[in-house]
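Step one of this worksheet: look at the structure below.
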Amino acid sequence: MKYLLFFTMFCVASCTQEVKQEETIDFNNTERQKSPVSLYVLGTVQDGGSPHIGCQKKCCSTLFKNPNPNRKVVSLGVIDHEHNKSFLFEATPDMTSQLQLLSTFSSEIGIMPNGIFLTHAHIGHYTGLMYLGREALGAKSVPVHAMPRMKQFLETNGPWNQLVALNNITINPLANQKAIRITPNIKVEPFTVPHRDEYSETVGYKISGPKKSVLFIPDIDKWSKWEKDIIQETQKVDVAFLDASFYNGEEINARDINEIPHPFVVESLKLFGALPDQEKAKIHFIHFNHTNALLNQDSEASSTVRRQGFKIATFLQHIDL
């Protein structure tokens, strides 16, 4: 049996300016949405979270003293209100609270989702599955949707294979660019993207509802490495949540970028800069490293992004699909 050695990603020496504490949301007053299908942003932060382990800079030090409940690792939740089904995209270390949040948006569904979609085997995107095991929930056959290498990884490595053996999860295989209909109102299409695929392939998702579609690519190496044209792909959807791990290279001057390649936000701004305003407005940056100035809504970086016509994903952002 193989055992996974967890490791911390993106622990860097420098951090941007201190992050402003966002306003706390009163979840008790949340009302069920009238649209048949709703999408919620349940997290916007990179795998290591915010505050980040080992970080002693301002961007984390105040958060260690006063944690911000709105800082959660990147995840999306989708609810089909008409058919009383919910789905989670990514099983993060914050999955416990994220599932609780998702359930507040539809009291008729309950805590456990009708499916969990995984993008890849990096710690922020699948390790929340541990809470479904006998040490925690002891869940019964929660559907987990995964690509072939991801499926094999879970089935052949501890402790994940115990989830399979005990029927805590049931793994449903996905195929590249093969859409599946998970409810009469929701269709999901996975597609592979280039990334550091040590344990599994990496995918993004196109999530389509009755009225709108969303592109979700939280992790990719560089846009130029992808066989597809990201500009064309964003033009096919209504909203695109795109990898924005680092604002620029200055954040990671203590690390080799070849070890952790991602599109810098400044690179994406240049790439998408010639698009019409309505196309720019589709792009929502997400998956922020703890050093990323876009976590601070009042930073100059955030002002620059908004001034150029782009958007920054926010915790509990809601989109009717």
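Letters for chains follow the order of the structure tokens (A, B, ...), residue numbers begin at 1 for each chain, and ligand numbers begin at 1 in the order shown.
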Among range 66-303 of chain A, which residues carry a DSSP assignment of strand (DSSP E), reported as number ranges by chain?
A: 75-80, 85-89, 116-117, 142-146, 157-158, 169-173, 180-183, 186-192, 203-208, 213-217, 239-243, 283-286
Which residues are close to range 294-309 of chain A, i.e. within 10 Å by only C-alpha atoms, leaving aside same-chain residues fewer than 6 positions away? Reply as number ranges by chain.
A: 16-22, 44-45, 50, 59, 71, 244-248, 265-266, 269, 272-273, 275-288
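Of the listed residues (A:Gln152, A:Asn167, A:Thr183, A:Gln232), A:Thr183 comes nearest to Asn84 in chain A; the distances count only C-alpha atoms.
Comparing A:Ser35, A:Ser97, A:Asn114, A:Asn168 by their smallest distance to Arg134 in chain A, the closest is A:Asn168 (using only C-alpha atoms).
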Let me make sure I understand: among A:Asn289, A:Asn66, A:Asn172, A:Ser268, which one has the smallest atom-to-atom distance to Trp223 in chain A if we use only C-alpha atoms?
A:Ser268
Of A:Gly138, A:Gly54, A:Pro143, A:Gly204, the one nearest to Glu233 in chain A when counting only C-alpha atoms is A:Gly204
Straight-line distance linking CA of Asp320 in chain A with CA of Val78 in chain A, stated in Å to one decimal:
9.6 Å
